[in-house]
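Asks: Structure file input-v5.tsv, TSV, N, CA and C atoms, is pasted below:
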chain	number	residue	atom	x	y	z
A	1	VAL	N	0.85	-1.17	0.00
A	1	VAL	CA	0.00	0.00	0.00
A	1	VAL	C	0.89	1.23	0.00
A	2	TRP	N	0.61	2.15	-0.87
A	2	TRP	CA	1.48	3.32	-1.00
A	2	TRP	C	1.48	4.19	0.24
A	3	THR	N	0.47	4.08	1.12
A	3	THR	CA	0.46	4.89	2.34
A	3	THR	C	1.30	4.30	3.45
A	4	SER	N	1.80	3.09	3.27
A	4	SER	CA	2.64	2.46	4.28
A	4	SER	C	3.93	3.24	4.45
A	5	ARG	N	4.31	3.46	5.69
A	5	ARG	CA	5.56	4.20	5.95
A	5	ARG	C	6.77	3.40	5.49
A	6	ASP	N	6.64	2.08	5.37
A	6	ASP	CA	7.74	1.26	4.86
A	6	ASP	C	7.91	1.44	3.35
A	7	VAL	N	6.81	1.53	2.64
A	7	VAL	CA	6.84	1.64	1.19
A	7	VAL	C	7.05	3.09	0.74
A	8	ASN	N	6.41	4.01	1.42
A	8	ASN	CA	6.42	5.42	1.02
A	8	ASN	C	6.58	6.29	2.26
A	9	PRO	N	7.79	6.31	2.84
A	9	PRO	CA	7.97	7.02	4.12
A	9	PRO	C	7.63	8.50	4.07
A	10	ALA	N	7.81	9.13	2.95
A	10	ALA	CA	7.51	10.57	2.83
A	10	ALA	C	6.03	10.82	2.53
A	11	ARG	N	5.31	9.75	2.30
A	11	ARG	CA	3.90	9.85	1.92
A	11	ARG	C	3.73	10.82	0.75
A	12	SER	N	4.60	10.66	-0.24
A	12	SER	CA	4.56	11.55	-1.40
A	12	SER	C	3.51	11.10	-2.40
A	13	HIS	N	3.18	11.99	-3.30
A	13	HIS	CA	2.22	11.74	-4.39
A	13	HIS	C	0.83	11.40	-3.88
A	14	VAL	N	0.40	12.13	-2.87
A	14	VAL	CA	-0.93	11.89	-2.29
A	14	VAL	C	-2.01	12.05	-3.34
A	15	ASP	N	-1.85	13.00	-4.24
A	15	ASP	CA	-2.86	13.21	-5.28
A	15	ASP	C	-3.04	11.98	-6.16
A	16	LEU	N	-1.94	11.32	-6.48
A	16	LEU	CA	-2.04	10.10	-7.29
A	16	LEU	C	-2.68	8.97	-6.49
A	17	GLY	N	-2.38	8.92	-5.21
A	17	GLY	CA	-3.00	7.92	-4.34
A	17	GLY	C	-4.50	8.08	-4.27
A	18	LEU	N	-4.96	9.32	-4.18
A	18	LEU	CA	-6.40	9.58	-4.16
A	18	LEU	C	-7.05	9.18	-5.49
A	19	THR	N	-6.38	9.51	-6.57
A	19	THR	CA	-6.90	9.15	-7.89
A	19	THR	C	-7.03	7.63	-8.03
A	20	ALA	N	-5.99	6.92	-7.59
A	20	ALA	CA	-6.00	5.45	-7.67
A	20	ALA	C	-7.08	4.87	-6.76
A	21	ALA	N	-7.21	5.42	-5.56
A	21	ALA	CA	-8.22	4.92	-4.63
A	21	ALA	C	-9.63	5.15	-5.17
A	22	ASP	N	-9.88	6.32	-5.74
A	22	ASP	CA	-11.19	6.60	-6.32
A	22	ASP	C	-11.47	5.69	-7.51
A	23	ALA	N	-10.43	5.41	-8.30
A	23	ALA	CA	-10.60	4.50	-9.44
A	23	ALA	C	-10.93	3.09	-8.96
A	24	ALA	N	-10.26	2.65	-7.91
A	24	ALA	CA	-10.54	1.32	-7.36
A	24	ALA	C	-11.98	1.23	-6.86
A	25	LEU	N	-12.45	2.29	-6.21
A	25	LEU	CA	-13.84	2.30	-5.76
A	25	LEU	C	-14.82	2.27	-6.93
A	26	ALA	N	-14.47	2.98	-8.00
A	26	ALA	CA	-15.34	2.99	-9.18
A	26	ALA	C	-15.42	1.59	-9.79
A	27	ILE	N	-14.31	0.87	-9.75
A	27	ILE	CA	-14.28	-0.48	-10.32
A	27	ILE	C	-14.92	-1.50	-9.38
A	28	GLU	N	-14.53	-1.46	-8.11
A	28	GLU	CA	-14.96	-2.47	-7.14
A	28	GLU	C	-16.32	-2.16	-6.51
A	29	GLY	N	-16.70	-0.92	-6.52
A	29	GLY	CA	-17.95	-0.53	-5.88
A	29	GLY	C	-17.74	-0.17	-4.42
A	30	ASP	N	-18.75	0.44	-3.83
A	30	ASP	CA	-18.60	0.93	-2.47
A	30	ASP	C	-19.05	-0.09	-1.42
A	31	LYS	N	-18.99	-1.35	-1.79
A	31	LYS	CA	-19.30	-2.42	-0.83
A	31	LYS	C	-18.09	-3.32	-0.60
A	32	ASN	N	-17.00	-3.07	-1.31
A	32	ASN	CA	-15.80	-3.88	-1.17
A	32	ASN	C	-14.96	-3.32	-0.02
A	33	PRO	N	-14.83	-4.07	1.09
A	33	PRO	CA	-14.13	-3.52	2.25
A	33	PRO	C	-12.66	-3.22	2.00
A	34	VAL	N	-12.02	-3.97	1.12
A	34	VAL	CA	-10.61	-3.71	0.82
A	34	VAL	C	-10.46	-2.39	0.06
A	35	ALA	N	-11.26	-2.19	-0.97
A	35	ALA	CA	-11.21	-0.95	-1.73
A	35	ALA	C	-11.58	0.24	-0.85
A	36	LEU	N	-12.59	0.06	-0.01
A	36	LEU	CA	-12.99	1.13	0.89
A	36	LEU	C	-11.88	1.49	1.87
A	37	THR	N	-11.20	0.47	2.39
A	37	THR	CA	-10.11	0.70	3.34
A	37	THR	C	-8.95	1.42	2.68
A	38	GLN	N	-8.60	0.99	1.48
A	38	GLN	CA	-7.49	1.64	0.77
A	38	GLN	C	-7.83	3.10	0.48
A	39	ALA	N	-9.07	3.35	0.10
A	39	ALA	CA	-9.49	4.73	-0.15
A	39	ALA	C	-9.47	5.54	1.14
A	40	ALA	N	-9.91	4.94	2.23
A	40	ALA	CA	-9.90	5.63	3.52
A	40	ALA	C	-8.47	6.00	3.91
A	41	GLU	N	-7.54	5.08	3.72
A	41	GLU	CA	-6.13	5.35	4.03
A	41	GLU	C	-5.60	6.50	3.17
A	42	ALA	N	-5.98	6.52	1.90
A	42	ALA	CA	-5.53	7.58	1.00
A	42	ALA	C	-6.07	8.94	1.45
A	43	TYR	N	-7.35	8.98	1.79
A	43	TYR	CA	-7.94	10.24	2.24
A	43	TYR	C	-7.34	10.69	3.57
A	44	PHE	N	-7.05	9.74	4.45
A	44	PHE	CA	-6.43	10.10	5.72
A	44	PHE	C	-5.04	10.68	5.48
A	45	ALA	N	-4.27	10.05	4.59
A	45	ALA	CA	-2.93	10.55	4.27
A	45	ALA	C	-2.99	11.93	3.62
A	46	ALA	N	-4.09	12.21	2.94
A	46	ALA	CA	-4.27	13.50	2.28
A	46	ALA	C	-4.79	14.57	3.23
A	47	GLY	N	-4.94	14.22	4.50
A	47	GLY	CA	-5.42	15.21	5.46
A	47	GLY	C	-6.92	15.41	5.45
A	48	LYS	N	-7.65	14.38	5.03
A	48	LYS	CA	-9.11	14.46	4.97
A	48	LYS	C	-9.72	13.38	5.86
A	49	PRO	N	-9.58	13.55	7.18
A	49	PRO	CA	-10.02	12.49	8.09
A	49	PRO	C	-11.53	12.24	8.07
A	50	ASP	N	-12.34	13.26	7.80
A	50	ASP	CA	-13.79	13.04	7.77
A	50	ASP	C	-14.18	12.06	6.67
A	51	LYS	N	-13.57	12.21	5.50
A	51	LYS	CA	-13.84	11.29	4.39
A	51	LYS	C	-13.29	9.91	4.72
A	52	ALA	N	-12.13	9.87	5.39
A	52	ALA	CA	-11.54	8.59	5.79
A	52	ALA	C	-12.47	7.86	6.75
A	53	VAL	N	-13.05	8.57	7.69
A	53	VAL	CA	-13.99	7.96	8.64
A	53	VAL	C	-15.21	7.42	7.90
A	54	GLU	N	-15.75	8.22	6.99
A	54	GLU	CA	-16.92	7.79	6.22
A	54	GLU	C	-16.64	6.48	5.47
A	55	LEU	N	-15.52	6.44	4.76
A	55	LEU	CA	-15.18	5.25	4.00
A	55	LEU	C	-14.82	4.08	4.91
A	56	GLY	N	-14.12	4.39	6.00
A	56	GLY	CA	-13.74	3.34	6.95
A	56	GLY	C	-14.96	2.69	7.59
A	57	GLU	N	-15.94	3.50	7.95
A	57	GLU	CA	-17.16	2.94	8.53
A	57	GLU	C	-17.92	2.08	7.53
A	58	LYS	N	-17.91	2.46	6.26
A	58	LYS	CA	-18.53	1.62	5.22
A	58	LYS	C	-17.77	0.30	5.10
A	59	ALA	N	-16.44	0.36	5.21
A	59	ALA	CA	-15.63	-0.86	5.14
A	59	ALA	C	-15.99	-1.80	6.28
A	60	VAL	N	-16.13	-1.26	7.48
A	60	VAL	CA	-16.50	-2.08	8.64
A	60	VAL	C	-17.87	-2.71	8.41
A	61	ALA	N	-18.81	-1.92	7.93
A	61	ALA	CA	-20.17	-2.42	7.71
A	61	ALA	C	-20.21	-3.54	6.67
A	62	ASN	N	-19.28	-3.51	5.72
A	62	ASN	CA	-19.28	-4.51	4.65
A	62	ASN	C	-18.27	-5.63	4.86
A	63	ALA	N	-17.55	-5.59	5.97
A	63	ALA	CA	-16.52	-6.59	6.25
A	63	ALA	C	-17.15	-7.93	6.62
A	64	ASP	N	-16.44	-9.00	6.26
A	64	ASP	CA	-16.86	-10.35	6.62
A	64	ASP	C	-16.12	-10.79	7.87
A	65	GLY	N	-16.85	-11.21	8.86
A	65	GLY	CA	-16.25	-11.78	10.05
A	65	GLY	C	-15.85	-10.77	11.10
A	66	ALA	N	-15.83	-11.24	12.32
A	66	ALA	CA	-15.54	-10.39	13.47
A	66	ALA	C	-14.11	-9.87	13.47
A	67	LYS	N	-13.16	-10.71	13.06
A	67	LYS	CA	-11.75	-10.27	13.07
A	67	LYS	C	-11.52	-9.12	12.11
A	68	MET	N	-12.09	-9.22	10.93
A	68	MET	CA	-11.92	-8.16	9.94
A	68	MET	C	-12.61	-6.89	10.41
A	69	LYS	N	-13.81	-7.02	10.96
A	69	LYS	CA	-14.53	-5.85	11.47
A	69	LYS	C	-13.72	-5.17	12.58
A	70	GLU	N	-13.11	-5.97	13.45
A	70	GLU	CA	-12.32	-5.41	14.54
A	70	GLU	C	-11.09	-4.67	14.01
A	71	ALA	N	-10.40	-5.29	13.06
A	71	ALA	CA	-9.20	-4.66	12.49
A	71	ALA	C	-9.54	-3.35	11.79
A	72	LEU	N	-10.62	-3.35	11.01
A	72	LEU	CA	-11.01	-2.14	10.31
A	72	LEU	C	-11.54	-1.09	11.28
A	73	GLY	N	-12.18	-1.52	12.34
A	73	GLY	CA	-12.65	-0.60	13.36
A	73	GLY	C	-11.50	0.15	14.02
A	74	LYS	N	-10.37	-0.52	14.19
A	74	LYS	CA	-9.18	0.13	14.76
A	74	LYS	C	-8.69	1.23	13.83
A	75	ARG	N	-8.77	0.98	12.54
A	75	ARG	CA	-8.36	2.02	11.58
A	75	ARG	C	-9.27	3.23	11.67
A	76	VAL	N	-10.56	2.98	11.81
A	76	VAL	CA	-11.50	4.09	11.93
A	76	VAL	C	-11.18	4.92	13.17
A	77	LYS	N	-10.83	4.26	14.26
A	77	LYS	CA	-10.43	5.00	15.46
A	77	LYS	C	-9.22	5.87	15.18
A	78	LYS	N	-8.28	5.36	14.37
A	78	LYS	CA	-7.11	6.15	13.99
A	78	LYS	C	-7.55	7.39	13.23
A	79	TYR	N	-8.47	7.23	12.29
A	79	TYR	CA	-8.93	8.37	11.49
A	79	TYR	C	-9.62	9.42	12.37
A	80	LYS	N	-10.29	8.95	13.41
A	80	LYS	CA	-10.99	9.85	14.33
A	80	LYS	C	-10.05	10.47	15.35
A	81	GLY	N	-8.81	9.99	15.38
A	81	GLY	CA	-7.85	10.51	16.35
A	81	GLY	C	-7.98	9.88	17.71
A	82	GLU	N	-8.68	8.76	17.80
A	82	GLU	CA	-8.91	8.09	19.07
A	82	GLU	C	-7.84	7.06	19.40
A	83	ASP	N	-7.00	6.72	18.44
A	83	ASP	CA	-5.96	5.70	18.65
A	83	ASP	C	-4.61	6.33	18.33
A	84	LYS	N	-4.00	6.92	19.32
A	84	LYS	CA	-2.73	7.64	19.12
A	84	LYS	C	-1.59	6.69	18.73
A	85	ASP	N	-1.61	5.44	19.20
A	85	ASP	CA	-0.55	4.50	18.84
A	85	ASP	C	-0.60	4.15	17.35
A	86	ALA	N	-1.80	4.12	16.77
A	86	ALA	CA	-1.95	3.76	15.36
A	86	ALA	C	-1.32	4.79	14.45
A	87	GLU	N	-1.25	6.04	14.88
A	87	GLU	CA	-0.69	7.09	14.03
A	87	GLU	C	0.79	6.90	13.79
A	88	LYS	N	1.45	6.13	14.65
A	88	LYS	CA	2.87	5.89	14.50
A	88	LYS	C	3.15	4.84	13.44
A	89	LYS	N	2.12	4.09	13.05
A	89	LYS	CA	2.29	2.98	12.10
A	89	LYS	C	2.19	3.47	10.68
Will you turn the file into structure tokens for me?
Replies:
Amino acid sequence: VWTSRDVNPARSHVDLGLTAADAALAIEGDKNPVALTQAAEAYFAAGKPDKAVELGEKAVANADGAKMKEALGKRVKKYKGEDKDAEKK
């Protein structure tokens, strides 16, 4: 994922990340939890936490299984600023 600090430590080219995330949503639809999560991460990296929360909550709602819902829920907390440890990742 381009937003990973390991892959893209400077978090550069945010505009391209948003374009790619929006394209993935257009292809996969707004019910695919993976596409929704990637888009949420892109919007969060772009400094748009409200949009990240919106997409993240949709990802949780469409996730299969408790483990996936829990993992995605943690990301939503990060977007809301409720999980300070997650921001370091």
Asks: Residues within 6 Å of Gly56 in chain A, please, as a count of residues only. Count all atoms listed in the file; anything in the same chain fewer than 6 positions from it doesn't count.
Replies: 4
Asks: Please write out, as AutoDock Vina command-line options, where the centre of an axis-aligned box around all listed atoms of range 47-64 of chain A lies and how long its edges are, in Å to one decimal, after adding 3 Å on each side.
Replies:
--center_x -12.6 --center_y 2.3 --center_z 6.3 --size_x 21.3 --size_y 32.2 --size_z 10.6
Asks: Figure out the distance between CA of Ala66 in chain A and atom C of Ala39 in chain A, please, to one decimal in Å.
Replies: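 About the pair atom C of Ala39 in chain A and CA of Ala66 in chain A: they are 21.0 Å apart.
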Asks: Restricting the calculation to all atoms listed in the file: of A:Val34, A:Lys74, A:Thr19, A:His13, which residue gets closest to Asn62 in chain A?
Replies: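 Under the stated criterion, the closest residue is A:Val34.
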Asks: Name the residues within 8 Å of (-20.5, 8.2, -0.2), counting only N, CA and C atoms in the file's coordinates, and put them as a PyMOL selection string.
Replies: chain A and resi 30+54-55
